[in-house]
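Student: Contents of target_37.cif (mmCIF, C-alpha atoms and all ligand atoms) are given next:
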data_query
#
loop_
_atom_site.label_atom_id
_atom_site.label_comp_id
_atom_site.auth_asym_id
_atom_site.auth_seq_id
_atom_site.Cartn_x
_atom_site.Cartn_y
_atom_site.Cartn_z
CA MET I 1 -5.70 21.87 -0.51
CA ALA I 2 -5.45 18.96 -2.98
CA ALA I 3 -2.30 18.84 -5.12
CA LYS I 4 -2.81 20.06 -8.70
CA LYS I 5 0.54 18.99 -10.16
CA ILE I 6 2.00 15.69 -9.01
CA HIS I 7 5.52 14.78 -10.07
CA PHE I 8 6.79 11.21 -9.69
CA ILE I 9 10.48 10.42 -9.45
CA GLY I 10 10.64 6.75 -10.41
CA GLY I 11 8.02 5.43 -12.82
CA GLY I 12 8.13 1.71 -11.97
CA GLN I 13 5.46 -0.76 -10.88
CA MET I 14 4.27 1.12 -7.79
CA ALA I 15 4.11 4.49 -9.54
CA GLU I 16 2.15 2.96 -12.41
CA ALA I 17 -0.34 1.22 -10.11
CA ILE I 18 -0.92 4.46 -8.18
CA ILE I 19 -1.30 6.58 -11.32
CA ARG I 20 -3.63 4.07 -13.00
CA ALA I 21 -5.91 3.84 -9.94
CA ASN I 22 -6.01 7.61 -9.39
CA ILE I 23 -6.95 8.28 -13.01
CA SER I 24 -9.54 5.51 -13.26
CA LYS I 25 -11.14 6.59 -9.96
CA GLY I 26 -11.36 10.16 -11.31
CA ILE I 27 -9.38 11.64 -8.41
CA ASN I 28 -6.70 13.05 -10.71
CA GLU I 29 -6.51 13.67 -14.43
CA ALA I 30 -3.61 12.39 -16.50
CA ALA I 31 -2.53 15.99 -17.20
CA GLN I 32 -1.84 16.48 -13.48
CA PHE I 33 0.90 13.84 -13.51
CA SER I 34 4.48 13.97 -14.72
CA VAL I 35 7.05 11.22 -14.26
CA ALA I 36 10.84 11.25 -14.28
CA ASP I 37 12.64 7.95 -14.66
CA ILE I 38 16.22 7.14 -15.62
CA ASN I 39 14.69 4.49 -17.86
CA GLU I 40 13.34 6.49 -20.83
CA GLU I 41 11.21 3.54 -21.93
CA ARG I 42 9.16 3.78 -18.76
CA ILE I 43 8.34 7.44 -19.42
CA THR I 44 7.31 6.64 -22.99
CA PHE I 45 5.22 3.69 -21.82
CA LEU I 46 3.45 5.67 -19.08
CA SER I 47 2.87 8.57 -21.44
CA GLU I 48 1.45 6.39 -24.21
CA THR I 49 -0.61 4.20 -21.88
CA TYR I 50 -2.07 6.78 -19.51
CA GLY I 51 -1.57 10.08 -21.35
CA ILE I 52 0.61 11.62 -18.65
CA GLU I 53 3.04 14.42 -19.43
CA ALA I 54 6.26 13.22 -21.07
CA ALA I 55 8.02 16.33 -22.36
CA PHE I 56 9.32 18.38 -19.45
CA SER I 57 12.57 19.29 -17.80
CA GLN I 58 13.23 17.95 -14.32
CA GLU I 59 13.87 21.51 -13.18
CA GLU I 60 10.48 22.73 -14.42
CA ALA I 61 8.60 19.71 -13.11
CA LEU I 62 10.09 20.10 -9.62
CA ALA I 63 9.59 23.88 -9.59
CA THR I 64 5.90 23.66 -10.54
CA ALA I 65 4.88 20.52 -8.60
CA ASP I 66 2.49 20.78 -5.64
CA LEU I 67 3.40 17.26 -4.58
CA ILE I 68 6.55 15.25 -5.36
CA ILE I 69 6.37 11.47 -5.09
CA LEU I 70 9.56 9.51 -4.45
CA ALA I 71 8.95 6.08 -6.01
CA ILE I 72 12.48 4.80 -6.55
CA ARG I 73 13.99 1.78 -4.76
CA PRO I 74 15.82 2.13 -1.43
CA GLN I 75 19.15 1.29 -3.12
CA ASP I 76 18.70 3.94 -5.87
CA ASP I 77 20.35 7.35 -5.83
CA LEU I 78 18.26 9.01 -3.12
CA ALA I 79 21.01 11.51 -2.43
CA GLY I 80 21.12 12.69 -6.08
CA VAL I 81 17.34 12.89 -6.29
CA GLY I 82 17.22 14.75 -2.98
CA GLU I 83 19.78 17.25 -4.26
CA ALA I 84 17.63 18.02 -7.32
CA ILE I 85 14.55 18.46 -5.12
CA SER I 86 16.41 20.79 -2.74
CA GLN I 87 17.70 22.81 -5.68
CA TYR I 88 14.55 23.21 -7.77
CA ALA I 89 11.44 22.56 -5.66
CA GLY I 90 9.99 25.29 -3.45
CA SER I 91 10.86 24.83 0.23
CA GLY I 92 7.17 24.32 1.06
CA THR I 93 6.54 21.71 -1.63
CA ALA I 94 5.47 18.44 -0.02
CA VAL I 95 7.48 15.30 -0.69
CA LEU I 96 5.73 11.94 -0.32
CA SER I 97 7.94 8.86 -0.24
CA VAL I 98 6.89 5.26 -0.81
CA VAL I 99 10.50 4.09 -0.53
CA ALA I 100 10.43 1.13 1.84
CA GLY I 101 12.41 1.41 5.06
CA VAL I 102 13.64 4.99 4.62
CA THR I 103 12.66 7.11 7.63
CA ILE I 104 11.32 10.65 7.65
CA GLN I 105 14.54 11.78 9.34
CA THR I 106 16.68 10.21 6.58
CA LEU I 107 14.41 11.66 3.90
CA GLY I 108 14.72 15.08 5.54
CA GLY I 109 18.49 14.83 5.19
CA TYR I 110 18.10 14.16 1.46
CA VAL I 111 15.29 16.46 0.36
CA GLY I 112 16.49 19.42 2.40
CA GLY I 113 14.62 22.43 3.63
CA GLN I 114 14.08 22.57 7.37
CA GLU I 115 10.36 23.13 6.98
CA ARG I 116 9.58 20.84 4.08
CA PRO I 117 6.42 18.74 4.51
CA ILE I 118 7.43 15.08 4.28
CA ILE I 119 5.00 12.18 4.17
CA ARG I 120 6.24 8.61 4.47
CA VAL I 121 3.79 6.12 3.02
CA ILE I 122 3.62 2.38 2.93
CA PRO I 123 1.32 1.98 -0.05
CA ASN I 124 -1.50 -0.49 -0.18
CA THR I 125 -1.18 -2.91 -3.11
CA LEU I 126 -4.92 -3.46 -3.74
CA THR I 127 -4.75 -0.21 -5.73
CA ASP I 128 -7.15 -0.96 -8.59
CA THR I 129 -9.91 -2.21 -6.27
CA GLY I 130 -10.22 1.03 -4.32
CA LEU I 131 -9.97 -1.09 -1.16
CA GLY I 132 -7.12 -1.62 1.27
CA TYR I 133 -5.36 0.85 3.55
CA SER I 134 -2.11 2.62 2.91
CA GLY I 135 -0.29 3.80 6.04
CA ALA I 136 0.94 7.40 6.12
CA ALA I 137 3.17 9.13 8.66
CA LEU I 138 3.54 12.92 8.48
CA ASN I 139 6.35 15.13 9.71
CA VAL I 140 5.40 18.21 11.70
CA TYR I 141 5.11 20.40 8.58
CA ALA I 142 2.88 18.05 6.59
CA ARG I 143 -0.89 18.16 6.76
CA LYS I 144 -3.41 15.54 5.70
CA GLU I 145 -4.85 17.99 3.13
CA HIS I 146 -1.54 17.79 1.22
CA VAL I 147 -2.08 14.13 0.39
CA ASP I 148 -5.54 12.92 1.43
CA ASP I 149 -7.18 12.98 -2.03
CA PHE I 150 -4.12 11.49 -3.68
CA LEU I 151 -3.82 8.63 -1.16
CA ASN I 152 -7.54 7.88 -1.32
CA GLY I 153 -7.15 7.61 -5.10
CA PHE I 154 -5.62 4.14 -4.76
CA GLY I 155 -7.51 2.73 -1.80
CA LYS I 156 -7.96 4.16 1.66
CA VAL I 157 -5.52 5.65 4.14
CA GLN I 158 -4.80 5.39 7.84
CA TYR I 159 -2.58 8.09 9.34
CA LEU I 160 -0.25 6.78 12.01
CA GLU I 161 2.84 7.48 14.05
CA GLU I 162 5.98 6.60 12.12
CA SER I 163 6.91 4.14 14.90
CA LEU I 164 3.95 1.99 13.75
CA ILE I 165 4.92 1.85 10.06
CA ASP I 166 6.71 -1.53 10.32
CA ILE I 167 3.76 -3.09 12.14
CA PHE I 168 1.38 -1.61 9.60
CA THR I 169 3.53 -3.06 6.81
CA GLY I 170 3.77 -6.61 8.19
CA TYR I 171 0.16 -6.76 9.32
CA GLY I 172 -1.80 -4.42 7.04
CA VAL I 173 -0.03 -4.02 3.73
CA ALA I 174 1.09 -7.67 3.70
CA GLY I 175 -2.48 -8.46 4.78
CA PRO I 176 -3.90 -9.56 1.41
CA ASN I 177 -1.24 -12.31 1.31
CA TYR I 178 -2.69 -13.94 4.44
CA VAL I 179 -6.16 -13.76 2.95
CA TYR I 180 -5.05 -15.10 -0.46
CA TYR I 181 -3.45 -18.06 1.27
CA PHE I 182 -6.52 -18.66 3.43
CA ILE I 183 -8.77 -18.63 0.37
CA GLU I 184 -6.48 -21.03 -1.49
CA SER I 185 -6.39 -23.39 1.50
CA LEU I 186 -10.17 -23.21 1.90
CA ALA I 187 -10.78 -24.01 -1.77
CA ASP I 188 -8.37 -26.95 -1.46
CA ALA I 189 -10.40 -28.16 1.52
CA GLY I 190 -13.53 -28.14 -0.62
CA VAL I 191 -11.74 -30.15 -3.32
CA LEU I 192 -10.38 -32.53 -0.69
CA ALA I 193 -13.92 -33.09 0.54
CA GLY I 194 -15.06 -33.85 -3.03
CA LEU I 195 -16.36 -30.65 -4.67
CA PRO I 196 -15.16 -29.81 -8.21
CA ARG I 197 -12.37 -27.16 -8.14
CA GLU I 198 -14.40 -24.38 -9.78
CA GLN I 199 -17.33 -24.81 -7.42
CA ALA I 200 -15.03 -24.97 -4.38
CA TRP I 201 -13.30 -21.79 -5.58
CA GLN I 202 -16.53 -19.83 -6.09
CA VAL I 203 -17.86 -20.93 -2.69
CA ALA I 204 -14.62 -19.88 -0.97
CA LEU I 205 -14.68 -16.41 -2.59
CA GLU I 206 -18.37 -15.90 -1.81
CA ASN I 207 -17.98 -17.00 1.80
CA VAL I 208 -15.05 -14.68 2.44
CA ALA I 209 -16.81 -11.69 0.85
CA GLY I 210 -20.09 -12.66 2.56
CA ALA I 211 -18.50 -13.07 5.99
CA VAL I 212 -16.97 -9.56 5.73
CA ALA I 213 -20.31 -8.13 4.60
CA MET I 214 -22.08 -9.95 7.46
CA LEU I 215 -19.68 -8.57 10.08
CA ARG I 216 -20.14 -5.04 8.74
CA HIS I 217 -23.90 -5.39 8.30
CA SER I 218 -24.63 -6.95 11.71
CA GLY I 219 -22.00 -5.07 13.70
CA LEU I 220 -21.55 -8.31 15.67
CA HIS I 221 -18.25 -9.75 16.88
CA PRO I 222 -17.10 -12.89 15.00
CA ARG I 223 -17.59 -14.93 18.21
CA GLN I 224 -21.25 -13.91 18.34
CA LEU I 225 -21.78 -15.07 14.74
CA LEU I 226 -19.92 -18.31 15.52
CA ASP I 227 -22.24 -18.89 18.49
CA ILE I 228 -25.25 -18.48 16.21
CA ASN I 229 -23.81 -20.89 13.62
CA ASN I 230 -22.41 -23.52 16.02
CA SER I 231 -25.31 -25.54 17.43
CA PRO I 232 -24.63 -27.98 20.31
CA GLY I 233 -22.83 -31.10 19.08
CA GLY I 234 -23.29 -29.88 15.50
CA VAL I 235 -21.23 -29.59 12.34
CA GLY I 236 -19.73 -26.16 13.04
CA ILE I 237 -18.38 -26.87 16.51
CA HIS I 238 -16.81 -30.15 15.34
CA ALA I 239 -15.03 -28.31 12.53
CA PHE I 240 -13.96 -25.57 14.91
CA TYR I 241 -12.52 -28.09 17.39
CA GLU I 242 -10.20 -29.43 14.67
CA LEU I 243 -9.18 -25.92 13.61
CA ASN I 244 -8.25 -25.13 17.21
CA ASN I 245 -6.18 -28.31 17.40
CA SER I 246 -4.30 -27.18 14.28
CA ASP I 247 -2.78 -24.11 16.01
CA PHE I 248 -4.50 -22.00 13.34
CA ALA I 249 -4.76 -18.71 15.27
CA ALA I 250 -1.27 -18.86 16.79
CA GLY I 251 0.22 -19.84 13.42
CA LEU I 252 -1.36 -16.82 11.77
CA GLN I 253 -0.23 -14.54 14.58
CA ARG I 254 3.34 -15.88 14.43
CA SER I 255 3.29 -15.27 10.69
CA VAL I 256 2.33 -11.59 11.17
CA LYS I 257 4.99 -11.18 13.86
CA ALA I 258 7.59 -12.65 11.48
CA ALA I 259 6.52 -10.23 8.74
CA VAL I 260 6.82 -7.24 11.10
CA LYS I 261 10.24 -8.42 12.32
CA ARG I 262 11.49 -8.85 8.76
CA THR I 263 10.21 -5.38 7.80
CA THR I 264 12.23 -3.90 10.67
CA GLU I 265 15.34 -5.90 9.75
CA LEU I 266 15.17 -4.70 6.12
CA GLY I 267 14.69 -1.10 7.29
CA GLN I 268 17.81 -1.36 9.47
CA VAL I 269 19.86 -2.63 6.52
CA ARG I 270 18.71 0.38 4.46
CA SER I 271 19.22 3.10 7.05
N1 LIG U 1 5.87 -2.69 -5.88
C1 LIG U 1 5.28 -2.77 -4.69
O1 LIG U 1 4.36 -3.58 -4.47
C2 LIG U 1 5.72 -1.87 -3.55
C3 LIG U 1 5.01 -1.92 -2.35
C4 LIG U 1 5.37 -1.07 -1.31
C5 LIG U 1 6.42 -0.17 -1.47
N2 LIG U 1 7.10 -0.15 -2.64
C6 LIG U 1 8.21 0.79 -2.77
O2 LIG U 1 8.02 1.56 -3.94
C7 LIG U 1 9.29 1.93 -4.48
C8 LIG U 1 9.26 1.61 -5.95
O3 LIG U 1 9.05 0.22 -6.11
P1 LIG U 1 8.70 -0.39 -7.52
O4 LIG U 1 8.25 -1.78 -7.29
O5 LIG U 1 7.82 0.56 -8.27
O6 LIG U 1 10.17 -0.42 -8.18
P2 LIG U 1 10.54 -0.43 -9.74
O7 LIG U 1 9.44 -1.05 -10.52
O8 LIG U 1 11.91 -1.01 -9.82
O9 LIG U 1 10.57 1.12 -10.12
C9 LIG U 1 11.61 2.00 -9.78
C10 LIG U 1 11.86 2.85 -11.01
O10 LIG U 1 12.67 3.95 -10.64
C11 LIG U 1 13.69 4.12 -11.63
N3 LIG U 1 14.82 4.83 -11.05
C12 LIG U 1 15.88 4.35 -10.37
N4 LIG U 1 16.68 5.34 -9.97
C13 LIG U 1 16.13 6.49 -10.41
C14 LIG U 1 16.49 7.87 -10.33
N5 LIG U 1 17.59 8.26 -9.69
N6 LIG U 1 15.66 8.78 -10.89
C15 LIG U 1 14.55 8.41 -11.55
N7 LIG U 1 14.17 7.13 -11.68
C16 LIG U 1 14.93 6.18 -11.11
C17 LIG U 1 14.01 2.69 -12.04
O11 LIG U 1 14.70 2.63 -13.28
P3 LIG U 1 15.70 1.38 -13.52
O12 LIG U 1 14.86 0.13 -13.43
O13 LIG U 1 16.24 1.60 -14.91
O14 LIG U 1 16.74 1.43 -12.45
C18 LIG U 1 12.60 2.09 -12.11
O15 LIG U 1 11.99 2.35 -13.37
C19 LIG U 1 10.34 1.12 -3.72
O16 LIG U 1 11.05 1.96 -2.85
C20 LIG U 1 9.56 0.11 -2.95
O17 LIG U 1 10.15 -0.15 -1.69
C21 LIG U 1 6.76 -0.97 -3.69
#
Translate the structure of the given file into structure tokens.
Ligand SMILES: NC(=O)c1ccc[n+]([C@@H]2O[C@H](COP(=O)([O-])OP(=O)(O)OC[C@H]3O[C@@H](n4cnc5c(N)ncnc54)[C@H](OP(=O)(O)O)[C@@H]3O)[C@@H](O)[C@H]2O)c1

Tutor:
Amino acid sequence: MAAKKIHFIGGGQMAEAIIRANISKGINEAAQFSVADINEERITFLSETYGIEAAFSQEEALATADLIILAIRPQDDLAGVGEAISQYAGSGTAVLSVVAGVTIQTLGGYVGGQERPIIRVIPNTLTDTGLGYSGAALNVYARKEHVDDFLNGFGKVQYLEESLIDIFTGYGVAGPNYVYYFIESLADAGVLAGLPREQAWQVALENVAGAVAMLRHSGLHPRQLLDINNSPGGVGIHAFYELNNSDFAAGLQRSVKAAVKRTTELGQVRS
């Protein structure tokens, strides 16, 4: 069953992006959200900007919430927040955490209740577009129905084993960064070859969007489309030869491996 009352603890950048996307996509109404933040200005801002509930006691918000979202930073007072949740929230109330690097086991120690549904999420940051996957790991008491609508309100979701969260972070959630950099480099290549910047930029964007649409539309593997485009001794295969000489694929793959490794290192520092 979809959550009716959703209470955020921490009303910073991530909470705002999630709330904004959920409301604008029509998944949740503003009245379903409440936010607690030690910074009063954030509550006022979120209330005035999005119309979410501002006047409530923490006790009441936790007692009536169907879903509690932990959106504070790893170094913030998780123990204090967990104590309040244990004290006021029903033992079956699901807690969803976007706090980077904090495991379900650690969260369980904070938010109490042996049978509490806990969902650890690495949120997608393409929130306003409705695209991009968040990764969600559930403990044994959590069910997809607790969070599916909510998570699909700011993109899409893939459910996964918690052991894959770091890989999902370095590869998937960091994913737009690789694409942004590719697009920037491609547009620079157009400028280097002599096209005006704006034209090079528009062509790069269109080609990236078009290539994705073509892969989806045709159902073909990239190599099959490359074979169609690369005629013998032609333009495409000459360009491809240089790209291969540049260590392009291995460089990208090393970059993803470095991101995954760093995610794990940061998680170890926090646990
Ligand atoms: N931003 C992203 O792109 C992103 C992506 C993936 C995951 N995350 C995760 O999302 C979480 C939030 O990140 P963020 O970027 O939204 O951080 P943020 O903008 O710093 O927001 C955190 C908010 O929580 C408040 N806060 C701190 N302790 C609190 C407490 N005990 N009770 C209530 N509110 C408290 C902070 O207030 P003060 O500033 O006054 O301390 C701040 O307003 C982090 O754990 C991060 O790892 C973020």

Student: Let me see if you get this right: every residue at most 6 Å from ligand LIG 1 (chain U), counting all atoms listed in the file, written as a PyMOL selection string.

Tutor: chain I and resi 9-15+36-39+71-74+76-77+81+98-100+122-123+125

Student: Could you pull the residues within 12 Å of Gln202 of chain I, counting all atoms listed in the file, minus those fewer than 2 positions along the same chain, as a PyMOL selection string?

Tutor: chain I and resi 183-184+186-188+190-191+195-200+204-210

Student: Rank I:Gln87, I:Ser134, I:Leu107, I:Ala61 by their smallest atom-to-atom distance to Gly175 of chain I, using all atoms listed in the file, and report the top residue only.

Tutor: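 That would be I:Ser134, the residue with the smallest distance to Gly175 of chain I.
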
Student: Just the number, please: distance in Å from atom CA of His7 of chain I to atom CA of Leu62 of chain I, one decimal.

Tutor: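 Calculated distance between atom CA of His7 of chain I and atom CA of Leu62 of chain I is 7.0 Å.
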
Student: Would you mind telling me which residue in I:Ala259, I:Leu96, I:Ala239, I:Ala249 lies nearest to Asn177 of chain I when using all atoms listed in the file?

Tutor: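 The answer is I:Ala259, which sits nearest to Asn177 of chain I.
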
Student: Kindly add N, CA, C and O atoms to the incomplete segment 125-137 of chain I and provide the output as a compact mmCIF listing (two decimals), in the coordinates of the input.

Tutor:
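out_2.txt, written as the output of this step:
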# COMPACT_ATOMS: atom_id res chain seq x y z
N THR I 125 -1.39 -2.34 -1.76
CA THR I 125 -1.18 -2.91 -3.11
C THR I 125 -2.48 -3.43 -3.73
O THR I 125 -2.45 -4.13 -4.73
N LEU I 126 -3.63 -3.08 -3.13
CA LEU I 126 -4.92 -3.46 -3.74
C LEU I 126 -5.42 -2.31 -4.62
O LEU I 126 -6.63 -2.16 -4.82
N THR I 127 -4.48 -1.52 -5.11
CA THR I 127 -4.75 -0.21 -5.73
C THR I 127 -5.98 -0.15 -6.64
O THR I 127 -6.81 0.73 -6.49
N ASP I 128 -6.08 -1.08 -7.60
CA ASP I 128 -7.15 -0.96 -8.59
C ASP I 128 -8.53 -1.24 -8.01
O ASP I 128 -9.54 -0.90 -8.63
N THR I 129 -8.61 -1.87 -6.85
CA THR I 129 -9.91 -2.21 -6.27
C THR I 129 -10.53 -1.05 -5.52
O THR I 129 -11.73 -1.06 -5.23
N GLY I 130 -9.72 -0.06 -5.16
CA GLY I 130 -10.22 1.03 -4.32
C GLY I 130 -10.32 0.62 -2.85
O GLY I 130 -10.73 1.41 -2.01
N LEU I 131 -9.93 -0.60 -2.55
CA LEU I 131 -9.97 -1.09 -1.16
C LEU I 131 -8.55 -1.19 -0.62
O LEU I 131 -7.58 -1.12 -1.36
N GLY I 132 -8.44 -1.43 0.67
CA GLY I 132 -7.12 -1.62 1.27
C GLY I 132 -6.58 -0.30 1.78
O GLY I 132 -6.75 0.75 1.15
N TYR I 133 -5.92 -0.35 2.93
CA TYR I 133 -5.36 0.85 3.55
C TYR I 133 -3.89 1.01 3.25
O TYR I 133 -3.11 0.08 3.42
N SER I 134 -3.51 2.22 2.84
CA SER I 134 -2.11 2.62 2.91
C SER I 134 -1.89 3.21 4.30
O SER I 134 -2.83 3.70 4.93
N GLY I 135 -0.63 3.17 4.76
CA GLY I 135 -0.29 3.80 6.04
C GLY I 135 0.54 5.04 5.76
O GLY I 135 1.48 4.99 4.95
N ALA I 136 0.20 6.16 6.39
CA ALA I 136 0.94 7.40 6.12
C ALA I 136 1.36 8.07 7.43
O ALA I 136 0.54 8.25 8.33
N ALA I 137 2.65 8.39 7.51
CA ALA I 137 3.17 9.13 8.66
C ALA I 137 3.61 10.51 8.16
O ALA I 137 4.26 10.63 7.12
